[in-house]
Amino acid sequence: MKRILIVRTSAIGDVVFASPLAAAIRRTHPDACIAWLVEPGIDALIAHDPNIDARILWPKAEWTRLWRERRYGELWRRVRALRAELRSHRFDTVLDLQGLLKSGFLAWLAGARTRIGLGSREGSQWLMTRVVPRGGDIARISSEYLHLAEQLGLDTGDFLPTLHVSADADVRAQALLAEHGLTPGRYAVFAAFTTRPQKHWFEDAWQTLAPKLAAQKGLTPVLLGGPADAEAAARIAAGAPGLVNLVGRTKLPEAAALVRGAGLLVGVDTGLTHMGIAFATPTVAIFGSTCPYTNTGRANARVIWLGLQCSPCKRRPTCGGAYTCLRDITPDRVLDETAKALAA
């Protein structure tokens with residue numbers, strides 16, 4: 001393993017979970033060249049990792065657009081261009097962490113003699129030279145990537161997610177805070193938004209938590225999210241006086257800097273919440289329909305999961321939209337857990 005490519009193109013949370021792998025490779029193979037294939041935008045998560053020598057971008061959105069427009073000739077040219085870029089690095093080993101057909105195809109494009117897939121399926125197993133079944137302690141954060149590292153004989157160390165923020169992103173984040181009279185450590189990030197409704201805590205719950213957190217802990221709630229979350233954020237902010245709504249005002253690097261500088265993070269099962277644990281920010285994670293990691297590896301990170309009989313339902317809720325697994329998590333319960341996280 002001299003020239004290694006890691007394939008984990010998305011999503012934010014998964015890249016956070018996989019982040020310790022580069023350090024494990026570096027400890028074991030200090031002279032190796034380590035590259036990471038990732039989608040544009042998400043690459044900001046690994047841009048300043050000292051263990052990663054190169055980022056290679058997979059323009060998934062462009063490829064998808066060309067396919068939909070039936071511009072197959074141009075798409076083929078883009079595929080060939082990426083193949084040429086990948087093969088110019090002369091990788092001897094590719095690690096496909098996603099195990100999907102698309103990621104297996106990208107791994108195969110690199111032309112490495114050794115292609116190792118993690119739990120490869122959808123036909124991608126036929127593009128690998130070795131498949132490592134998924135395993136490990138599912139209650140532990142980053143467990144499947146730790147399992148892969150162990151199977152590869154890597155020096156795993158503590159194997160906890162770790163992220164790095166650029167100085168420029170930190171400056172931009174500080175400017176946003178200054179607009180609202182905030183300073184590092186004196187605000188609490190609310191990571192309220194994610195991809196599926198069955199992972200969302202209720203808007204009225206956030207509205208109840210915000211003033212209690214400000215009054216009892218002296219932390220100003222700061223709501224983060226993307227442009228698609230703007231309407232829901234406006235509703236939450238309308239019912240939570242004093243909450244600072246920065247939804248849609250940050251890109252990923254600035255959001256990461258704000259998470260790192262927070263005195264506390266409260267969030268659902270979403271990338272920003274996992275980033276809080278990576279930065280060792282005191283964190284309370286709220287899980288409902290998804291299977292949680294209850295072992296965060298950090299004394300100041302707490303997980304709330306009720307473990308109902310119907311949970312985790314993942315993408316197939318059986319509750320008719322009641323989402324009891326989240327509704328029964330009260331703001332007072334969350335407030336209690338924030339006290340424990342802050343005390344740690």
# chains A, B, ... in the order shown; residues from 1 in each chain; ligands from 1
$ residues_around --residues "Tyr323 in chain A" --least-positions-apart "3" --cutoff "9 Å" --atoms "only C-alpha atoms" --output "list in words"
Pro197, Gln198, Lys199, His200, Trp201, Gly288, Ser289, Pro317, Thr318, Cys319, Gly320, Leu326, Arg327 and Asp328 of chain A
$ write_last_selection --atoms "N, CA, C and O atoms" --output "short mmCIF file (atom, residue, chain, number, x, y, z; two decimals), in the first residue's frame"
data_model
loop_
_atom_site.label_atom_id
_atom_site.label_comp_id
_atom_site.auth_asym_id
_atom_site.auth_seq_id
_atom_site.Cartn_x
_atom_site.Cartn_y
_atom_site.Cartn_z
N PRO A 197 -38.23 13.23 6.93
CA PRO A 197 -39.04 13.73 8.04
C PRO A 197 -39.02 12.83 9.27
O PRO A 197 -39.16 13.31 10.39
N GLN A 198 -38.85 11.53 9.06
CA GLN A 198 -38.85 10.62 10.21
C GLN A 198 -37.55 10.71 11.03
O GLN A 198 -37.39 10.00 12.01
N LYS A 199 -36.66 11.60 10.61
CA LYS A 199 -35.45 11.86 11.39
C LYS A 199 -35.51 13.22 12.08
O LYS A 199 -34.59 13.60 12.82
N HIS A 200 -36.58 13.98 11.82
CA HIS A 200 -36.69 15.34 12.37
C HIS A 200 -37.34 15.33 13.75
O HIS A 200 -38.36 14.67 13.96
N TRP A 201 -36.77 16.08 14.67
CA TRP A 201 -37.45 16.40 15.91
C TRP A 201 -38.49 17.46 15.58
O TRP A 201 -38.36 18.18 14.58
N GLY A 288 -34.26 8.74 16.22
CA GLY A 288 -35.59 8.15 16.26
C GLY A 288 -35.72 6.96 15.34
O GLY A 288 -35.65 5.82 15.76
N SER A 289 -35.88 7.23 14.04
CA SER A 289 -36.16 6.17 13.09
C SER A 289 -34.91 5.44 12.61
O SER A 289 -35.01 4.44 11.91
N PRO A 317 -41.55 4.01 7.78
CA PRO A 317 -42.29 4.24 9.03
C PRO A 317 -43.60 3.46 9.06
O PRO A 317 -44.27 3.29 8.04
N THR A 318 -43.95 2.98 10.24
CA THR A 318 -45.19 2.24 10.42
C THR A 318 -46.16 2.99 11.33
O THR A 318 -47.21 2.45 11.68
N CYS A 319 -45.81 4.23 11.69
CA CYS A 319 -46.59 4.97 12.69
C CYS A 319 -47.57 5.95 12.08
O CYS A 319 -48.22 6.71 12.79
N GLY A 320 -47.67 5.98 10.73
CA GLY A 320 -48.61 6.89 10.09
C GLY A 320 -48.26 8.35 10.26
O GLY A 320 -49.15 9.22 10.21
N LEU A 326 -39.72 10.11 18.22
CA LEU A 326 -39.17 11.45 18.41
C LEU A 326 -40.09 12.32 19.26
O LEU A 326 -39.62 13.11 20.07
N ARG A 327 -41.40 12.17 19.07
CA ARG A 327 -42.35 12.98 19.84
C ARG A 327 -42.19 12.73 21.34
O ARG A 327 -42.35 13.65 22.15
N ASP A 328 -41.87 11.51 21.72
CA ASP A 328 -41.76 11.19 23.14
C ASP A 328 -40.43 11.62 23.75
O ASP A 328 -40.20 11.43 24.95
#
$ residues_around --residues "Ala22 in chain A" --least-positions-apart "4" --cutoff "12 Å" --atoms "only C-alpha atoms" --output "PyMOL selection string"
chain A and resi 4-8+15-18+26-30+32-36+46+49-54+95+145-146+149+154-157+159-163
$ residues_around --residues "Arg260 in chain A" --least-positions-apart "3" --cutoff "12 Å" --atoms "only C-alpha atoms" --output "MDAnalysis selection string"
chainID A and resid 162:166 169:170 173:174 184:185 187:189 253:257 263:265 272:283
$ residues_around --residues "Thr290 in chain A" --least-positions-apart "5" --cutoff "12 Å" --atoms "only C-alpha atoms" --output "PyMOL selection string"
chain A and resi 196-200+268-270+285+304-308+310-317+323+325-326
$ closest_residue --among "A:Thr129, A:Thr114, A:Gln216, A:Gln207" --to "Pro241 in chain A" --atoms "only C-alpha atoms"
A:Gln207
$ atom_distance --atom1 "CA of Asp43 in chain A" --atom2 "CA of Ser10 in chain A"
9.0 Å
$ closest_residue --among "A:Trp76, A:Phe91, A:Phe105, A:Trp63" --to "Leu127 in chain A" --atoms "only C-alpha atoms"
A:Phe105
$ closest_residue --among "A:Gly104, A:Pro221, A:Pro20, A:Gly73" --to "Leu37 in chain A" --atoms "only C-alpha atoms"
A:Gly104
$ closest_residue --among "A:Leu252, A:Ala215, A:Gly13, A:Arg115" --to "Ala47 in chain A" --atoms "only C-alpha atoms"
A:Leu252
$ select_by_dssp --residues "range 15-212 of chain A" --states "strand (DSSP E or B)" --output "PyMOL selection string"
chain A and resi 33-38+54-57+93-96+114-118+130-132+140+187-191
$ write_last_selection --atoms "C-alpha atoms" --output "PDB file, in the first residue's frame"
ATOM      1  CA  CYS A  33       0.404   8.739  -0.850  1.00  0.00           C
ATOM      2  CA  ILE A  34      -3.255   8.904   0.208  1.00  0.00           C
ATOM      3  CA  ALA A  35      -5.982  10.375  -2.003  1.00  0.00           C
ATOM      4  CA  TRP A  36      -9.753  10.627  -1.491  1.00  0.00           C
ATOM      5  CA  LEU A  37     -12.419  10.585  -4.212  1.00  0.00           C
ATOM      6  CA  VAL A  38     -15.351  12.758  -3.146  1.00  0.00           C
ATOM      7  CA  ALA A  54      -4.867  14.719  -2.711  1.00  0.00           C
ATOM      8  CA  ARG A  55      -8.583  15.262  -3.234  1.00  0.00           C
ATOM      9  CA  ILE A  56     -10.096  14.041  -6.475  1.00  0.00           C
ATOM     10  CA  LEU A  57     -13.558  15.335  -7.297  1.00  0.00           C
ATOM     11  CA  THR A  93      -4.781   0.056  -3.800  1.00  0.00           C
ATOM     12  CA  VAL A  94      -8.355   1.364  -3.845  1.00  0.00           C
ATOM     13  CA  LEU A  95     -10.670   1.160  -0.827  1.00  0.00           C
ATOM     14  CA  ASP A  96     -14.343   1.391  -1.778  1.00  0.00           C
ATOM     15  CA  THR A 114      -5.889  -4.222  -5.540  1.00  0.00           C
ATOM     16  CA  ARG A 115      -9.488  -3.097  -5.093  1.00  0.00           C
ATOM     17  CA  ILE A 116     -11.021  -3.722  -1.671  1.00  0.00           C
ATOM     18  CA  GLY A 117     -14.729  -3.171  -1.154  1.00  0.00           C
ATOM     19  CA  LEU A 118     -16.536  -2.808   2.156  1.00  0.00           C
ATOM     20  CA  ARG A 130     -11.432  -8.532  -2.262  1.00  0.00           C
ATOM     21  CA  VAL A 131     -14.622  -7.851  -0.335  1.00  0.00           C
ATOM     22  CA  VAL A 132     -14.605  -7.257   3.416  1.00  0.00           C
ATOM     23  CA  ARG A 140     -19.923   2.458  18.288  1.00  0.00           C
ATOM     24  CA  TYR A 187     -23.795  29.816  21.630  1.00  0.00           C
ATOM     25  CA  ALA A 188     -25.438  26.461  21.001  1.00  0.00           C
ATOM     26  CA  VAL A 189     -25.797  25.110  17.479  1.00  0.00           C
ATOM     27  CA  PHE A 190     -29.169  23.576  16.624  1.00  0.00           C
ATOM     28  CA  ALA A 191     -28.771  20.997  13.830  1.00  0.00           C
TER      29      ALA A 191
END
$ select_by_dssp --residues "range 13-175 of chain A" --states "helix (DSSP H, G or I)" --output "count of residues only"
76
$ atom_distance --atom1 "CA of Thr338 in chain A" --atom2 "CA of Val284 in chain A"
6.2 Å
$ closest_residue --among "A:Leu66, A:Asp204, A:Ala139, A:Gly225" --to "Arg249 in chain A" --atoms "only C-alpha atoms"
A:Gly225
$ closest_residue --among "A:Ala233, A:Val247, A:Val79, A:Tyr72" --to "Trp58 in chain A" --atoms "only C-alpha atoms"
A:Val79
$ atom_distance --atom1 "CA of Ala205 in chain A" --atom2 "CA of Val334 in chain A"
9.8 Å
$ residues_around --residues "Asp92 in chain A" --least-positions-apart "2" --cutoff "6 Å" --atoms "only C-alpha atoms" --output "JSON list (two decimals) with C-alpha atoms, in the first residue's frame"
[["chain", "number", "residue", "atom", "x", "y", "z"],
["A", 3, "ARG", "CA", -0.44, 4.79, -3.41],
["A", 112, "ALA", "CA", -5.41, -0.27, -9.26],
["A", 113, "ARG", "CA", -4.31, -3.88, -9.01]]
